file model_1.cif (mmCIF, C-alpha atoms)
data_my_file
#
loop_
_atom_site.label_atom_id
_atom_site.label_comp_id
_atom_site.auth_asym_id
_atom_site.auth_seq_id
_atom_site.Cartn_x
_atom_site.Cartn_y
_atom_site.Cartn_z
CA MET A 1 130.33 129.15 41.22
CA LYS A 2 130.85 126.99 44.07
CA ASN A 3 134.41 127.83 44.09
CA THR A 4 137.10 128.08 46.52
CA LEU A 5 139.57 130.02 44.65
CA THR A 6 137.07 131.72 42.51
CA ARG A 7 136.46 134.95 43.93
CA LEU A 8 135.78 138.52 43.43
CA ARG A 9 139.18 139.48 42.34
CA LYS A 10 141.18 142.40 41.41
CA PHE A 11 140.44 145.89 40.44
CA ASN A 12 137.00 147.23 40.31
CA LYS A 13 134.93 145.65 37.61
CA VAL A 14 133.27 142.89 39.54
CA ILE A 15 129.97 141.21 39.69
CA CYS A 16 128.67 139.24 42.53
CA ILE A 17 130.85 136.20 42.69
CA SER A 18 129.35 132.93 42.45
CA LEU A 19 132.22 131.62 40.80
CA PRO A 20 137.61 133.22 41.18
CA VAL A 21 143.20 138.73 44.47
CA VAL A 22 142.87 141.43 44.23
CA LEU A 23 144.80 143.54 46.16
CA SER A 24 147.21 141.78 43.89
CA ILE A 25 145.95 143.47 40.87
CA LEU A 26 144.93 146.65 42.19
CA LEU A 27 147.92 147.48 41.84
CA VAL A 28 150.92 147.16 40.09
CA ARG A 29 153.10 149.10 37.80
CA MET A 30 150.49 148.91 35.10
CA GLN A 31 151.85 151.83 33.13
CA SER A 32 155.46 150.77 33.30
CA LEU A 33 154.58 147.22 32.22
CA ALA A 34 152.31 148.21 29.41
CA HIS A 35 155.10 148.60 26.88
CA ARG A 36 157.42 145.84 28.05
CA GLU A 37 158.73 143.57 25.32
CA LEU A 38 157.73 140.00 26.07
CA SER A 39 160.37 138.41 23.82
CA PRO A 40 164.11 138.89 23.21
CA PRO A 41 165.04 141.66 20.76
CA GLU A 42 165.59 139.24 17.88
CA CYS A 43 162.16 137.70 18.34
CA ARG A 44 159.84 140.44 19.47
CA VAL A 45 156.28 140.25 20.63
CA LYS A 46 154.80 140.64 17.15
CA LYS A 47 154.98 136.92 16.49
CA TRP A 48 152.79 136.29 19.53
CA ASN A 49 150.19 138.88 18.59
CA ILE A 50 147.34 138.06 16.24
CA PRO A 51 148.64 138.37 12.68
CA VAL A 52 147.43 141.54 10.97
CA SER A 53 145.83 139.49 8.18
CA LEU A 54 143.67 137.60 10.69
CA THR A 55 142.75 140.77 12.53
CA ALA A 56 141.58 142.38 9.29
CA GLU A 57 139.70 139.23 8.31
CA ASN A 58 137.74 139.31 11.54
CA GLN A 59 137.25 143.07 11.75
CA ASN A 60 133.64 142.84 10.63
CA VAL A 61 132.92 140.42 13.44
CA PHE A 62 134.49 142.78 15.95
CA THR A 63 132.43 145.73 14.81
CA GLN A 64 129.14 143.97 14.16
CA LYS A 65 128.84 141.41 16.93
CA GLN A 66 131.55 142.23 19.44
CA LYS A 67 131.63 138.51 20.23
CA ALA A 68 134.68 137.17 18.42
CA VAL A 69 136.97 136.41 21.33
CA LEU A 70 139.09 133.61 19.83
CA ILE A 71 140.77 133.59 16.41
CA GLN A 72 142.22 130.45 14.84
CA ARG A 73 145.87 130.58 13.84
CA LEU A 74 148.87 128.30 13.40
CA PRO A 75 151.14 127.66 16.40
CA VAL A 76 153.95 130.13 16.98
CA THR A 77 157.24 128.98 15.47
CA CYS A 78 160.02 129.43 17.99
CA CYS A 79 162.89 131.68 17.07
CA GLN A 80 166.30 130.06 17.48
CA GLY A 81 167.58 130.59 20.98
CA ASP A 82 164.27 131.97 22.28
CA THR A 83 163.77 129.72 25.30
CA SER A 84 160.78 131.78 26.45
CA CYS A 85 158.88 130.15 23.58
CA LEU A 86 159.14 126.71 25.24
CA ASP A 87 157.73 125.24 28.46
CA GLU A 88 161.15 124.10 29.58
CA VAL A 89 160.28 123.26 33.19
CA LEU A 90 158.37 120.21 31.93
CA TYR A 91 161.77 118.64 31.19
CA GLY A 92 163.96 120.38 33.77
CA GLU A 93 166.06 118.98 36.61
CA ILE A 94 162.82 118.45 38.53
CA PRO A 95 160.38 117.60 35.71
CA ASP A 96 156.98 119.22 36.03
CA LYS A 97 155.15 116.68 33.86
CA LYS A 98 153.38 115.00 36.78
CA ALA A 99 151.59 118.19 37.84
CA LEU A 100 150.45 118.92 34.30
CA VAL A 101 149.27 115.35 33.74
CA SER A 102 147.28 115.60 36.98
CA ALA A 103 145.69 118.88 35.87
CA ILE A 104 144.77 117.31 32.52
CA ALA A 105 143.10 114.39 34.31
CA ARG A 106 141.02 116.81 36.35
CA SER A 107 139.85 118.64 33.25
CA LEU A 108 138.93 115.34 31.62
CA GLN A 109 136.95 114.47 34.74
CA TYR A 110 135.03 117.73 34.47
CA LEU A 111 134.40 117.27 30.74
CA GLN A 112 132.38 114.11 31.47
CA THR A 113 129.89 116.00 33.65
CA ALA A 114 126.47 117.36 32.79
CA ASN A 115 127.76 120.86 33.52
CA ALA A 116 130.39 120.48 30.81
CA VAL A 117 127.84 119.17 28.33
CA ALA A 118 125.65 122.22 28.99
CA ALA A 119 128.58 124.66 28.81
CA TYR A 120 129.70 123.44 25.40
CA GLN A 121 126.20 123.18 23.95
CA ASN A 122 125.98 126.95 24.24
CA TYR A 123 129.62 127.82 23.55
CA GLN A 124 129.93 130.63 21.05
CA VAL A 125 132.90 129.34 19.01
CA ALA A 126 131.28 126.69 16.85
CA GLU A 127 134.51 124.81 16.06
CA ILE A 128 135.36 124.32 19.74
CA LYS A 129 133.24 121.41 20.91
CA ARG A 130 133.46 119.28 24.04
CA ASP A 131 134.46 116.13 22.15
CA ARG A 132 137.24 118.01 20.36
CA VAL A 133 138.52 119.42 23.64
CA ILE A 134 138.55 115.92 25.15
CA LYS A 135 140.44 114.46 22.17
CA SER A 136 142.88 117.34 22.25
CA LEU A 137 143.64 116.82 25.94
CA LYS A 138 144.17 113.09 25.49
CA ARG A 139 146.48 113.54 22.49
CA PHE A 140 148.47 116.29 24.19
CA ARG A 141 148.91 114.01 27.22
CA GLU A 142 150.26 111.26 24.94
CA LEU A 143 152.73 113.67 23.37
CA LEU A 144 153.75 115.03 26.76
CA LEU A 145 154.54 111.58 28.11
CA LYS A 146 156.50 110.33 25.11
CA THR A 147 158.56 113.42 24.20
CA ASN A 148 161.95 114.05 25.76
CA SER A 149 162.39 117.79 25.37
CA ALA A 150 160.41 121.00 25.24
CA THR A 151 161.50 121.50 21.64
CA GLU A 152 160.27 118.04 20.65
CA LEU A 153 156.90 118.69 22.28
CA HIS A 154 156.58 122.07 20.59
CA GLN A 155 157.35 120.61 17.18
CA ALA A 156 154.71 117.92 17.69
CA ILE A 157 152.17 120.60 18.57
CA GLU A 158 153.05 122.53 15.42
CA ARG A 159 152.30 119.40 13.37
CA GLU A 160 149.07 118.31 15.05
CA PHE A 161 147.39 121.32 16.65
CA VAL A 162 145.94 124.69 15.77
CA LEU A 163 145.72 127.57 18.21
CA TYR A 164 142.71 129.67 19.06
CA GLN A 165 144.10 132.97 20.32
CA SER A 166 142.25 135.36 22.58
CA VAL A 167 141.73 138.73 20.90
CA GLY A 168 142.75 140.28 24.21
CA LYS A 169 141.91 143.77 25.35
CA ASP A 170 142.95 145.39 22.07
CA THR A 171 141.82 142.87 19.39
CA LYS A 172 145.55 142.25 18.77
CA GLY A 173 146.00 139.56 21.41
CA SER A 174 147.27 141.56 24.39
CA VAL A 175 146.08 139.99 27.67
CA LEU A 176 146.61 141.30 31.20
CA PHE A 177 147.89 138.60 33.57
CA THR A 178 147.59 138.66 37.34
CA ALA A 179 147.99 135.81 39.84
CA TYR A 180 146.22 134.40 42.87
CA TYR A 181 146.97 131.86 45.58
CA GLU A 182 145.60 129.99 48.59
CA PRO A 183 146.70 131.73 51.81
CA LEU A 184 147.56 129.96 55.08
CA TYR A 185 146.28 131.54 58.29
CA ALA A 186 146.35 130.70 62.01
CA THR A 187 142.75 130.34 63.25
CA SER A 188 140.59 128.87 66.00
CA ARG A 189 137.26 127.05 66.00
CA VAL A 190 136.22 129.02 69.08
CA PRO A 191 136.55 132.72 69.91
CA THR A 192 139.27 133.72 72.38
CA ALA A 193 140.92 136.94 73.44
CA GLU A 194 143.47 136.28 70.68
CA TYR A 195 141.11 134.99 67.96
CA ARG A 196 138.34 137.55 67.57
CA TYR A 197 137.51 138.07 63.88
CA PRO A 198 135.24 135.44 62.30
CA VAL A 199 134.38 134.18 58.86
CA TYR A 200 130.84 132.92 58.39
CA ARG A 201 128.83 130.04 56.97
CA LEU A 202 126.31 130.66 54.24
CA PRO A 203 123.04 131.77 55.85
CA PRO A 204 120.46 129.02 55.19
CA ASP A 205 117.79 131.64 54.58
CA LEU A 206 119.89 133.86 52.30
CA ASN A 207 117.50 133.43 49.36
CA SER A 208 114.66 134.81 51.43
CA TRP A 209 116.55 137.93 52.55
CA SER A 210 115.03 141.14 51.27
CA LYS A 211 116.89 142.82 48.43
CA PRO A 212 119.18 144.59 48.20
CA HIS A 213 120.95 142.39 50.75
CA PRO A 214 122.74 143.97 53.71
CA THR A 215 126.15 145.38 52.90
CA ARG A 216 129.39 144.38 54.62
CA LEU A 217 129.06 147.34 56.97
CA GLU A 218 125.49 146.33 57.87
CA LEU A 219 126.48 142.70 58.39
CA GLU A 220 129.61 143.03 60.53
CA GLY A 221 129.85 146.67 61.62
CA VAL A 222 132.67 149.17 61.29
CA ASP A 223 135.08 147.11 63.39
CA GLY A 224 134.11 143.70 61.99
CA LEU A 225 132.91 142.49 65.39
CA GLN A 226 129.19 143.28 65.35
CA ALA A 227 127.79 140.42 63.26
CA ALA A 228 126.60 138.45 66.29
CA LYS A 229 123.99 141.17 66.81
CA GLY A 230 122.36 140.62 63.42
CA LYS A 231 121.65 138.14 60.66
CA LEU A 232 124.97 136.29 61.01
CA ARG A 233 124.58 135.36 64.66
CA GLY A 234 125.51 131.72 65.23
CA LEU A 235 127.00 131.32 61.73
CA GLU A 236 130.61 131.87 62.79
CA LEU A 237 132.86 129.24 61.21
CA PHE A 238 136.44 130.11 62.29
CA TRP A 239 138.04 132.99 64.14
CA PHE A 240 141.17 134.88 63.02
CA ARG A 241 143.65 137.00 65.00
CA ASP A 242 143.86 139.94 62.62
CA ARG A 243 140.97 141.73 60.98
CA LEU A 244 142.67 141.91 57.62
CA GLU A 245 143.10 138.13 57.36
CA PRO A 246 139.44 137.07 57.05
CA TYR A 247 138.94 139.91 54.59
CA LEU A 248 141.82 138.66 52.43
CA ALA A 249 140.38 135.15 52.64
CA GLN A 250 137.15 136.55 51.22
CA ILE A 251 139.05 138.18 48.39
CA GLU A 252 140.89 134.95 47.57
CA GLY A 253 137.75 132.84 47.94
CA SER A 254 139.48 130.14 49.99
CA ALA A 255 142.18 129.58 52.58
CA ARG A 256 144.14 126.87 54.35
CA LEU A 257 143.86 127.17 58.13
CA GLN A 258 146.33 126.21 60.86
CA LEU A 259 144.54 125.37 64.13
CA PRO A 260 146.06 125.76 67.63
CA ASP A 261 146.50 121.97 68.01
CA GLY A 262 148.70 121.89 64.91
CA THR A 263 146.14 120.38 62.57
CA GLN A 264 145.07 122.02 59.32
CA THR A 265 141.80 122.37 57.47
CA THR A 266 140.52 124.40 54.54
CA ILE A 267 137.63 126.71 53.79
CA GLY A 268 136.13 127.50 50.42
CA TYR A 269 133.65 129.83 48.82
CA ALA A 270 129.98 129.11 49.60
CA GLY A 271 128.15 132.27 48.53
CA ASN A 272 128.03 136.05 48.72
CA ASN A 273 125.73 138.97 49.41
CA ALA A 274 125.44 139.99 45.74
CA TYR A 275 127.43 143.23 45.77
CA ASN A 276 130.28 144.21 43.48
CA TYR A 277 133.73 144.11 45.04
CA LYS A 278 135.42 147.46 45.74
CA SER A 279 139.20 147.39 45.98
CA ILE A 280 140.54 148.90 49.19
CA GLY A 281 143.89 149.32 47.46
CA ARG A 282 142.21 151.49 44.87
CA GLU A 283 140.52 153.43 47.69
CA LEU A 284 143.90 154.13 49.28
CA VAL A 285 145.10 155.49 45.95
CA ASN A 286 141.95 157.60 45.51
CA ASP A 287 142.48 159.10 48.96
CA GLY A 288 146.09 159.96 48.22
CA LYS A 289 147.43 157.53 50.82
CA LEU A 290 149.44 155.56 48.26
CA PRO A 291 150.64 156.33 44.72
CA LEU A 292 149.17 154.27 41.90
CA GLU A 293 152.51 153.74 40.20
CA GLY A 294 154.45 150.91 41.79
CA ILE A 295 151.72 149.83 44.19
CA THR A 296 151.82 146.13 45.10
CA MET A 297 150.20 143.84 47.61
CA PRO A 298 153.20 143.99 49.98
CA ILE A 299 153.01 147.79 49.91
CA ILE A 300 149.30 147.70 50.77
CA LEU A 301 149.84 145.21 53.60
CA ASN A 302 152.72 147.30 54.93
CA TYR A 303 150.49 150.37 54.95
CA PHE A 304 147.87 148.65 57.09
CA GLN A 305 150.54 147.24 59.42
CA LYS A 306 151.59 150.81 60.10
CA HIS A 307 148.01 152.13 60.25
CA PRO A 308 145.85 149.23 61.56
CA GLN A 309 143.16 151.63 62.75
CA GLU A 310 142.44 152.52 59.12
CA LEU A 311 141.18 149.00 58.40
CA ASN A 312 137.94 150.19 60.01
CA ILE A 313 137.79 152.94 57.39
CA TYR A 314 138.62 151.01 54.25
CA ILE A 315 137.25 147.49 54.71
CA PRO A 316 133.66 148.75 55.28
CA ARG A 317 133.83 150.60 51.95
CA ASP A 318 133.73 147.22 50.21
CA ARG A 319 130.04 146.30 50.35
CA SER A 320 130.65 142.74 49.12
CA PHE A 321 130.75 139.89 51.63
CA VAL A 322 131.70 136.24 51.09
CA PHE A 323 130.46 133.20 53.02
CA PHE A 324 132.45 129.98 53.46
CA GLN A 325 132.17 126.26 54.00
CA GLU A 326 134.72 123.98 55.63
CA ASN A 327 136.37 121.69 53.07
CA HIS A 328 138.29 119.56 55.60
CA GLY A 329 141.69 119.85 53.99
CA GLU A 330 140.63 119.37 50.38
CA PRO A 331 142.73 121.37 47.91
CA ALA A 332 141.46 124.63 46.53
CA GLN A 333 138.93 124.10 43.76
CA GLY A 334 138.15 126.11 40.68
CA SER A 335 134.79 127.08 39.23
CA ILE A 336 134.52 123.80 37.29
CA ASN A 337 134.66 121.97 40.65
CA VAL A 338 138.04 120.27 40.27
CA PRO A 339 141.16 120.92 42.37
CA LEU A 340 143.48 123.59 41.07
CA THR A 341 147.11 122.82 40.25
CA ALA A 342 149.83 125.32 41.15
CA GLU A 343 151.35 126.93 38.05
CA ARG A 344 149.05 124.82 35.81
CA SER A 345 145.57 126.29 36.39
CA ILE A 346 144.22 129.61 35.16
CA ALA A 347 141.05 131.62 35.65
CA THR A 348 139.23 133.37 32.79
CA GLU A 349 135.72 134.57 32.11
CA LYS A 350 133.88 131.31 31.56
CA SER A 351 131.13 132.82 29.43
CA LEU A 352 133.86 133.55 26.86
CA MET A 353 136.59 130.95 27.25
CA PRO A 354 136.27 127.13 26.94
CA PRO A 355 136.07 125.54 30.43
CA GLY A 356 138.55 122.77 31.16
CA ALA A 357 140.43 123.30 27.90
CA LEU A 358 144.18 123.16 27.36
CA ALA A 359 145.82 126.56 26.93
CA LEU A 360 149.24 128.09 26.38
CA ILE A 361 150.15 131.32 28.12
CA HIS A 362 153.12 133.53 27.23
CA THR A 363 153.86 136.27 29.71
CA SER A 364 156.21 137.58 32.41
CA ILE A 365 156.02 135.86 35.81
CA PRO A 366 158.00 136.67 39.00
CA PHE A 367 160.28 133.98 40.48
CA VAL A 368 162.54 133.94 43.51
CA ASN A 369 166.19 133.70 42.45
CA PRO A 370 168.94 131.90 44.45
CA THR A 371 169.67 135.08 46.42
CA GLY A 372 166.07 135.26 47.61
CA LYS A 373 165.14 138.24 45.48
CA MET A 374 162.19 138.39 43.12
CA GLU A 375 162.94 138.56 39.41
CA GLU A 376 160.66 138.39 36.39
CA ARG A 377 161.09 135.89 33.59
CA ILE A 378 159.30 135.69 30.27
CA VAL A 379 157.85 132.18 30.06
CA SER A 380 155.50 129.94 28.14
CA ARG A 381 153.36 127.53 30.14
CA TYR A 382 150.80 124.90 29.20
CA VAL A 383 147.85 125.33 31.55
CA LEU A 384 144.25 124.20 32.05
CA ASP A 385 141.40 126.70 32.14
CA GLN A 386 139.71 125.61 35.37
CA ASP A 387 138.56 128.70 37.23
CA THR A 388 136.96 132.12 36.95
CA GLY A 389 136.58 135.26 39.03
CA GLY A 390 134.28 138.18 39.57
CA ALA A 391 136.84 140.67 38.28
CA ILE A 392 138.28 138.42 35.59
CA LYS A 393 136.21 139.87 32.78
CA GLY A 394 136.60 139.96 29.04
CA ALA A 395 138.99 138.42 26.56
CA GLY A 396 141.90 140.44 27.94
CA ARG A 397 142.18 138.99 31.46
CA VAL A 398 143.79 135.89 32.93
CA ASP A 399 144.47 135.01 36.58
CA TYR A 400 147.26 132.48 37.14
CA PHE A 401 147.12 130.14 40.17
CA LEU A 402 150.45 130.03 42.01
CA GLY A 403 149.67 127.60 44.83
CA THR A 404 149.46 127.78 48.63
CA GLY A 405 151.30 129.73 51.31
CA LYS A 406 153.50 132.76 51.78
CA LEU A 407 155.85 132.38 48.82
CA ALA A 408 152.93 131.91 46.44
CA GLY A 409 151.31 134.97 48.00
CA ASP A 410 154.47 137.05 47.67
CA ARG A 411 154.69 136.15 43.99
CA ALA A 412 150.99 136.69 43.36
CA GLY A 413 151.15 140.10 44.98
CA VAL A 414 153.57 141.42 42.37
CA THR A 415 152.27 139.60 39.30
CA VAL A 416 150.97 142.03 36.71
CA SER A 417 152.11 141.82 33.11
CA ASN A 418 150.90 141.73 29.55
CA GLY A 419 151.06 138.57 27.47
CA GLN A 420 149.07 136.26 25.21
CA LEU A 421 146.58 133.41 25.67
CA PHE A 422 146.07 130.51 23.25
CA TYR A 423 143.87 127.39 23.33
CA LEU A 424 145.23 124.20 21.74
CA LEU A 425 142.90 122.09 19.62
CA LEU A 426 143.71 119.15 17.37
CA LYS A 427 143.60 119.93 13.66
#

call {"tool": "encode", "arguments": {"input": "model_1.cif", "output": "structure tokens"}}
result
Amino acid sequence: MKNTLTRLRKFNKVICISLPVVLSILLVRMQSLAHRELSPPECRVKKWNIPVSLTAENQNVFTQKQKAVLIQRLPVTCCQGDTSCLDEVLYGEIPDKKALVSAIARSLQYLQTANAVAAYQNYQVAEIKRDRVIKSLKRFRELLLKTNSATELHQAIEREFVLYQSVGKDTKGSVLFTAYYEPLYATSRVPTAEYRYPVYRLPPDLNSWSKPHPTRLELEGVDGLQAAKGKLRGLELFWFRDRLEPYLAQIEGSARLQLPDGTQTTIGYAGNNAYNYKSIGRELVNDGKLPLEGITMPIILNYFQKHPQELNIYIPRDRSFVFFQENHGEPAQGSINVPLTAERSIATEKSLMPPGALALIHTSIPFVNPTGKMEERIVSRYVLDQDTGGAIKGAGRVDYFLGTGKLAGDRAGVTVSNGQLFYLLLK
């Protein structure tokens, strides 16, 4: 992909990214979250799962083809008093309609491209066609603009739309959600005693490199400072102060950069060396340095702050390497080459899920409460499927874009929960 926020991401199952962190997912209280109820007691998660009748109806498809990833069903009827069923922030004190309308416009822009035509010509769910996705987006936008409450919008969707639910990781609809963000780092265009660790442009002769390509260790050395002696000489793009920062930028696939003169720019994904990502968080767990249960991005970062010398042990274990291009301040883009919208864009495996389509997610997301502490809330959000990622594989994975900067990063670092994913199509 030509992405910016499409990256190698999370956990270990990754392919070479040409498409959407990672440490975010490596991570987190997976066992303790696995059995969490995602709805109030009077309205438990069963209503969000694929109905048993539909699961049985499609069982032959599961066993014979292993390709049925979306199952058509009626919209979920909200239980009385279950606010987690509704996307209430669209009509809150600070209405979020504008952001969602903007995200819809970007998907509609993509759907007019030759890439979209090609993607939907080969899409495996016959009933989900590009024209139907376009009509669905336009009608949803009309309903969004003319309704005055989340309940009113939901009732209109029940009348006019059907849902195509992801079978998830268990054929019952259970999907693992993580989150990603665009980090902000202090950098320099020139090397100094303070700014020593570079990120690199895409080598112009990469396609002619012998295969397998050099690994991260072979490209930049154990300490991350040896690249000027090899194939990457002269390809330095920006320099960072801390070795971990350019590595995290590679994991995220993009970054916003603060330059010494106060100006900002952005970098985005340009290519990679064709190796699978290996999670250094997982390596810390394997070596007994950190426990698996309860591990989060902040815990991993804290470990390396206390043991910076160990970056030279763990970063080289990840053979993958990402190259960048300067995007001159443009917002982070997804794999369908449109800007991502905070809290309204998701990443899925694009060979399975409909690119640019309107979706509904229902899961637990961390928020900062008035006291400054992080708390999780069960929410429903209308989102656009606009990105992908090397580790976002299968029908049971979604990555949720949380925006730019430290707060988004803090939230992304502790986002791991089970939920459900639905696509909205006009009847």

call {"tool": "atom_distance", "arguments": {"input": "model_1.cif", "atom1": "atom CA of Pro366 of chain A", "atom2": "atom CA of Ala156 of chain A"}}
result
28.6 Å

call {"tool": "residues_near_point", "arguments": {"input": "model_1.cif", "point": "(150.8, 124.5, 63.0)", "cutoff": "12 Å", "atoms": "all atoms listed in the file", "output": "list in words"}}
result
Leu184, Tyr185, Ala186, Thr187, Ser188, Arg256, Leu257, Gln258, Leu259, Pro260, Asp261, Gly262, Thr263, Gln264 and Thr265 of chain A

call {"tool": "resolve_selection", "arguments": {"input": "model_1.cif", "expression": "the PyMOL selection byres ((chain A and resi 195-210) around 6)", "output": "JSON, numbers by chain"}}
result
{"A": [191, 192, 193, 194, 211, 235, 236, 237, 238, 239, 240, 241, 243, 323, 324, 325]}

call {"tool": "closest_residue", "arguments": {"input": "model_1.cif", "among": "A:Arg141, A:Trp48, A:Glu349, A:Glu160", "to": "Ser102 of chain A", "atoms": "all atoms listed in the file"}}
result
A:Arg141

call {"tool": "resolve_selection", "arguments": {"input": "model_1.cif", "expression": "the PyMOL selection byres ((chain A and resi 331) around 10)", "output": "PyMOL selection string"}}
result
chain A and resi 4-5+182+254-256+265-268+327-330+332-334+338-341+403-404

call {"tool": "atom_distance", "arguments": {"input": "model_1.cif", "atom1": "atom CA of Asn418 of chain A", "atom2": "atom CA of Phe401 of chain A"}}
result
16.2 Å

call {"tool": "residues_around", "arguments": {"input": "model_1.cif", "residues": "Tyr120 of chain A", "least_positions_apart": "3", "cutoff": "12 Å", "atoms": "all atoms listed in the file", "output": "PDB file with C-alpha atoms, in the coordinates of the input"}}
result
ATOM      1  CA  TYR A 110     135.030 117.730  34.470  1.00  0.00           C
ATOM      2  CA  LEU A 111     134.400 117.270  30.740  1.00  0.00           C
ATOM      3  CA  GLN A 112     132.380 114.110  31.470  1.00  0.00           C
ATOM      4  CA  THR A 113     129.890 116.000  33.650  1.00  0.00           C
ATOM      5  CA  ALA A 114     126.470 117.360  32.790  1.00  0.00           C
ATOM      6  CA  ASN A 115     127.760 120.860  33.520  1.00  0.00           C
ATOM      7  CA  ALA A 116     130.390 120.480  30.810  1.00  0.00           C
ATOM      8  CA  VAL A 117     127.840 119.170  28.330  1.00  0.00           C
ATOM      9  CA  TYR A 123     129.620 127.820  23.550  1.00  0.00           C
ATOM     10  CA  GLN A 124     129.930 130.630  21.050  1.00  0.00           C
ATOM     11  CA  VAL A 125     132.900 129.340  19.010  1.00  0.00           C
ATOM     12  CA  ALA A 126     131.280 126.690  16.850  1.00  0.00           C
ATOM     13  CA  GLU A 127     134.510 124.810  16.060  1.00  0.00           C
ATOM     14  CA  ILE A 128     135.360 124.320  19.740  1.00  0.00           C
ATOM     15  CA  LYS A 129     133.240 121.410  20.910  1.00  0.00           C
ATOM     16  CA  ARG A 130     133.460 119.280  24.040  1.00  0.00           C
ATOM     17  CA  ASP A 131     134.460 116.130  22.150  1.00  0.00           C
ATOM     18  CA  ARG A 132     137.240 118.010  20.360  1.00  0.00           C
ATOM     19  CA  VAL A 133     138.520 119.420  23.640  1.00  0.00           C
ATOM     20  CA  ILE A 134     138.550 115.920  25.150  1.00  0.00           C
ATOM     21  CA  LYS A 350     133.880 131.310  31.560  1.00  0.00           C
ATOM     22  CA  SER A 351     131.130 132.820  29.430  1.00  0.00           C
ATOM     23  CA  LEU A 352     133.860 133.550  26.860  1.00  0.00           C
ATOM     24  CA  MET A 353     136.590 130.950  27.250  1.00  0.00           C
ATOM     25  CA  PRO A 354     136.270 127.130  26.940  1.00  0.00           C
ATOM     26  CA  PRO A 355     136.070 125.540  30.430  1.00  0.00           C
ATOM     27  CA  GLY A 356     138.550 122.770  31.160  1.00  0.00           C
ATOM     28  CA  ALA A 357     140.430 123.300  27.900  1.00  0.00           C
TER      29      ALA A 357
END

call {"tool": "atom_distance", "arguments": {"input": "model_1.cif", "atom1": "atom CA of Cys78 of chain A", "atom2": "atom CA of Glu375 of chain A"}}
result
23.5 Å

call {"tool": "closest_residue", "arguments": {"input": "model_1.cif", "among": "A:His307, A:Glu326, A:Lys231, A:Asp96", "to": "Ala270 of chain A", "atoms": "only C-alpha atoms"}}
result
A:Glu326

call {"tool": "closest_atom_pairs", "arguments": {"input": "model_1.cif", "of": "segment 41-131 of chain A", "to": "segment 142-149 of chain A", "cutoff": "8 Å", "atoms": "all atoms listed in the file", "output": "tab-separated table"}}
result
residue	atom	partner	partner_atom	distance
A:Glu88	CA	A:Ser149	CA	7.7
A:Tyr91	CA	A:Ser149	CA	5.9
A:Lys97	CA	A:Leu144	CA	7.4

call {"tool": "write_last_selection", "arguments": {"input": "model_1.cif", "atoms": "C-alpha atoms", "output": "PDB file, keeping the file's coordinate frame"}}
result
ATOM      1  CA  GLU A  88     161.150 124.100  29.580  1.00  0.00           C
ATOM      2  CA  TYR A  91     161.770 118.640  31.190  1.00  0.00           C
ATOM      3  CA  LYS A  97     155.150 116.680  33.860  1.00  0.00           C
TER       4      LYS A  97
END

call {"tool": "closest_residue", "arguments": {"input": "model_1.cif", "among": "A:Thr348, A:Thr296, A:Ser380, A:Ser364", "to": "Gly409 of chain A", "atoms": "only C-alpha atoms"}}
result
A:Thr296

call {"tool": "closest_residue", "arguments": {"input": "model_1.cif", "among": "A:Ala249, A:Val52, A:Tyr181, A:Val76", "to": "Asp410 of chain A", "atoms": "all atoms listed in the file"}}
result
A:Tyr181

call {"tool": "closest_atom_pairs", "arguments": {"input": "model_1.cif", "of": "segment 297-321 of chain A", "to": "segment 284-293 of chain A", "cutoff": "10 Å", "atoms": "only C-alpha atoms", "output": "CSV"}}
result
residue,atom,partner,partner_atom,distance
A:Ile299,CA,A:Leu290,CA,8.7
A:Ile300,CA,A:Leu290,CA,8.3
A:Tyr303,CA,A:Leu290,CA,8.5
A:Tyr314,CA,A:Leu284,CA,7.9

call {"tool": "residues_near_point", "arguments": {"input": "model_1.cif", "point": "(150.3, 140.4, 46.1)", "cutoff": "7 Å", "atoms": "only C-alpha atoms", "output": "VMD selection string"}}
result
chain A and resid 23 to 24 296 to 298 409 to 414

call {"tool": "write_last_selection", "arguments": {"input": "model_1.cif", "atoms": "C-alpha atoms", "output": "compact mmCIF listing (two decimals), in the frame of the given file"}}
result
# COMPACT_ATOMS: atom_id res chain seq x y z
CA LEU A 23 144.80 143.54 46.16
CA SER A 24 147.21 141.78 43.89
CA THR A 296 151.82 146.13 45.10
CA MET A 297 150.20 143.84 47.61
CA PRO A 298 153.20 143.99 49.98
CA GLY A 409 151.31 134.97 48.00
CA ASP A 410 154.47 137.05 47.67
CA ARG A 411 154.69 136.15 43.99
CA ALA A 412 150.99 136.69 43.36
CA GLY A 413 151.15 140.10 44.98
CA VAL A 414 153.57 141.42 42.37

call {"tool": "residues_around", "arguments": {"input": "model_1.cif", "residues": "Arg319 of chain A", "least_positions_apart": "6", "cutoff": "7 Å", "atoms": "all atoms listed in the file", "output": "list in words"}}
result
Thr215, Arg216, Leu217, Tyr275 and Tyr277 of chain A

call {"tool": "write_last_selection", "arguments": {"input": "model_1.cif", "atoms": "C-alpha atoms", "output": "PDB file, in the frame of the given file"}}
result
ATOM      1  CA  THR A 215     126.150 145.380  52.900  1.00  0.00           C
ATOM      2  CA  ARG A 216     129.390 144.380  54.620  1.00  0.00           C
ATOM      3  CA  LEU A 217     129.060 147.340  56.970  1.00  0.00           C
ATOM      4  CA  TYR A 275     127.430 143.230  45.770  1.00  0.00           C
ATOM      5  CA  TYR A 277     133.730 144.110  45.040  1.00  0.00           C
TER       6      TYR A 277
END
